[in-house]
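The file final_25.pdb comes next; it holds PDB, C-alpha atoms.
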MODEL        1
ATOM      1  CA  MET A  74     -42.701  33.798 -56.856  1.00  0.00           C
ATOM      2  CA  LYS A  75     -41.251  37.115 -57.987  1.00  0.00           C
ATOM      3  CA  GLY A  76     -39.176  35.387 -60.647  1.00  0.00           C
ATOM      4  CA  ILE A  77     -42.129  33.496 -62.082  1.00  0.00           C
ATOM      5  CA  LEU A  78     -44.340  36.591 -62.134  1.00  0.00           C
ATOM      6  CA  GLY A  79     -41.535  38.598 -63.709  1.00  0.00           C
ATOM      7  CA  PHE A  80     -41.116  36.021 -66.468  1.00  0.00           C
ATOM      8  CA  ILE A  81     -44.865  35.921 -67.121  1.00  0.00           C
ATOM      9  CA  SER A  82     -44.951  39.709 -67.219  1.00  0.00           C
ATOM     10  CA  PHE A  83     -42.065  39.829 -69.689  1.00  0.00           C
ATOM     11  CA  SER A  84     -43.685  37.187 -71.910  1.00  0.00           C
ATOM     12  CA  LEU A  85     -47.021  39.010 -71.976  1.00  0.00           C
ATOM     13  CA  ILE A  86     -45.468  42.378 -72.783  1.00  0.00           C
ATOM     14  CA  VAL A  87     -43.243  40.945 -75.527  1.00  0.00           C
ATOM     15  CA  GLY A  88     -46.205  38.985 -76.920  1.00  0.00           C
ATOM     16  CA  GLY A  89     -48.299  42.150 -77.057  1.00  0.00           C
ATOM     17  CA  LEU A  90     -45.528  44.092 -78.735  1.00  0.00           C
ATOM     18  CA  GLN A  91     -45.051  41.236 -81.173  1.00  0.00           C
ATOM     19  CA  GLY A  92     -48.719  41.444 -82.148  1.00  0.00           C
ATOM     20  CA  ILE A  93     -48.396  45.153 -82.860  1.00  0.00           C
ATOM     21  CA  VAL A  94     -45.208  44.599 -84.885  1.00  0.00           C
ATOM     22  CA  HIS A  95     -46.963  41.807 -86.784  1.00  0.00           C
ATOM     23  CA  GLU A  96     -49.847  44.091 -87.679  1.00  0.00           C
ATOM     24  CA  ALA A  97     -47.430  46.769 -88.891  1.00  0.00           C
ATOM     25  CA  SER A  98     -45.021  44.546 -90.826  1.00  0.00           C
ATOM     26  CA  GLY A  99     -46.795  41.229 -91.377  1.00  0.00           C
ATOM     27  CA  LYS A 100     -43.936  39.200 -89.879  1.00  0.00           C
ATOM     28  CA  TRP A 101     -43.806  37.128 -86.692  1.00  0.00           C
ATOM     29  CA  ILE A 102     -40.781  37.215 -84.406  1.00  0.00           C
ATOM     30  CA  PRO A 103     -39.451  33.622 -84.488  1.00  0.00           C
ATOM     31  CA  LEU A 104     -38.549  33.530 -80.784  1.00  0.00           C
ATOM     32  CA  MET A 105     -42.105  34.236 -79.639  1.00  0.00           C
ATOM     33  CA  GLY A 106     -43.903  32.358 -82.420  1.00  0.00           C
ATOM     34  CA  PHE A 107     -46.151  30.492 -79.993  1.00  0.00           C
ATOM     35  CA  MET A 108     -47.938  33.767 -79.207  1.00  0.00           C
ATOM     36  CA  LYS A 109     -49.570  33.827 -82.651  1.00  0.00           C
ATOM     37  CA  HIS A 110     -52.005  31.164 -81.441  1.00  0.00           C
ATOM     38  CA  LEU A 111     -53.560  33.672 -79.003  1.00  0.00           C
ATOM     39  CA  TYR A 112     -54.721  36.044 -81.701  1.00  0.00           C
ATOM     40  CA  VAL A 113     -58.192  35.966 -83.277  1.00  0.00           C
ATOM     41  CA  ASP A 114     -58.662  37.341 -86.786  1.00  0.00           C
ATOM     42  CA  GLY A 115     -59.941  40.893 -86.688  1.00  0.00           C
ATOM     43  CA  TYR A 116     -59.024  41.506 -83.035  1.00  0.00           C
ATOM     44  CA  GLU A 117     -55.219  41.441 -83.160  1.00  0.00           C
ATOM     45  CA  ILE A 118     -54.677  45.048 -82.057  1.00  0.00           C
ATOM     46  CA  TYR A 119     -57.141  44.755 -79.155  1.00  0.00           C
ATOM     47  CA  ILE A 120     -55.594  41.503 -77.970  1.00  0.00           C
ATOM     48  CA  SER A 121     -52.086  42.995 -78.275  1.00  0.00           C
ATOM     49  CA  ILE A 122     -53.060  45.990 -76.151  1.00  0.00           C
ATOM     50  CA  ALA A 123     -54.755  43.717 -73.615  1.00  0.00           C
ATOM     51  CA  LEU A 124     -51.611  41.556 -73.376  1.00  0.00           C
ATOM     52  CA  ILE A 125     -49.426  44.604 -72.768  1.00  0.00           C
ATOM     53  CA  VAL A 126     -51.779  45.948 -70.078  1.00  0.00           C
ATOM     54  CA  LEU A 127     -52.000  42.515 -68.443  1.00  0.00           C
ATOM     55  CA  GLY A 128     -48.201  42.185 -68.546  1.00  0.00           C
ATOM     56  CA  ILE A 129     -47.821  45.554 -66.817  1.00  0.00           C
ATOM     57  CA  ALA A 130     -50.357  44.503 -64.173  1.00  0.00           C
ATOM     58  CA  VAL A 131     -48.532  41.221 -63.527  1.00  0.00           C
ATOM     59  CA  GLY A 132     -45.218  43.109 -63.366  1.00  0.00           C
ATOM     60  CA  THR A 133     -46.669  45.465 -60.772  1.00  0.00           C
ATOM     61  CA  ALA A 134     -47.915  42.480 -58.771  1.00  0.00           C
ATOM     62  CA  ALA A 135     -44.445  40.937 -59.004  1.00  0.00           C
ATOM     63  CA  ARG A 136     -42.894  44.054 -57.508  1.00  0.00           C
ATOM     64  CA  LYS A 137     -45.341  44.019 -54.592  1.00  0.00           C
ATOM     65  CA  ALA A 138     -45.005  40.280 -53.941  1.00  0.00           C
ATOM     66  CA  PRO A 139     -43.169  39.357 -50.746  1.00  0.00           C
ATOM     67  CA  ARG A 140     -39.503  38.559 -51.122  1.00  0.00           C
ATOM     68  CA  GLU A 141     -38.591  34.857 -51.082  1.00  0.00           C
ATOM     69  CA  GLN A 142     -36.418  33.621 -48.233  1.00  0.00           C
TER      70      GLN A 142
ENDMDL
END
Would you write out, as structure tokens, the structure that this file holds?
Amino acid sequence: MKGILGFISFSLIVGGLQGIVHEASGKWIPLMGFMKHLYVDGYEIYISIALIVLGIAVGTAARKAPREQ
């Protein structure tokens, strides 16, 4: 479970950072191109910040999850 939550956390944080980079430069990172479908015109910065905060929350939950045996 920790591995899955860690991967989700990483994806959300990178997706949020990608949205901020896209707003600054106008270019999408090819590796995470699927994230551009989450963004709504006019709300890109807010969605990017929300993705980063959600990724941090999932990462914290991953740390507190019980260890697999």
Quick check, in Å to one decimal: how far apart do CA of Ala123 in chain A and CA of Pro139 in chain A lie? 26.0 Å
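Residue nearest Lys137 in chain A, chosen from A:Leu111, A:Ile118, A:Ala97, A:Leu78 and counting only C-alpha atoms: A:Leu78.
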Set the distance at 8 Å and use all atoms listed in the file: which residues neighbour Met74 in chain A once local chain neighbours fewer than 5 positions away are removed? I'd like the list as a PyMOL selection string. chain A and resi 135+138+141
Kindly indicate which residue among A:Leu124, A:Ile102, A:Glu117, A:Arg140 lies nearest to Ile81 in chain A, using only C-alpha atoms for the distances.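 Residue with the minimum atom-to-atom distance to Ile81 in chain A: A:Leu124.
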Which is closest to Val87 in chain A among A:His110, A:Ile122, A:Lys100, A:Gly115, if we use only C-alpha atoms? A:Ile122
Taking the file as shown, what set of residues would the PyMOL selection byres ((chain A and resi 82) around 8) give back, as a count of residues only? 14
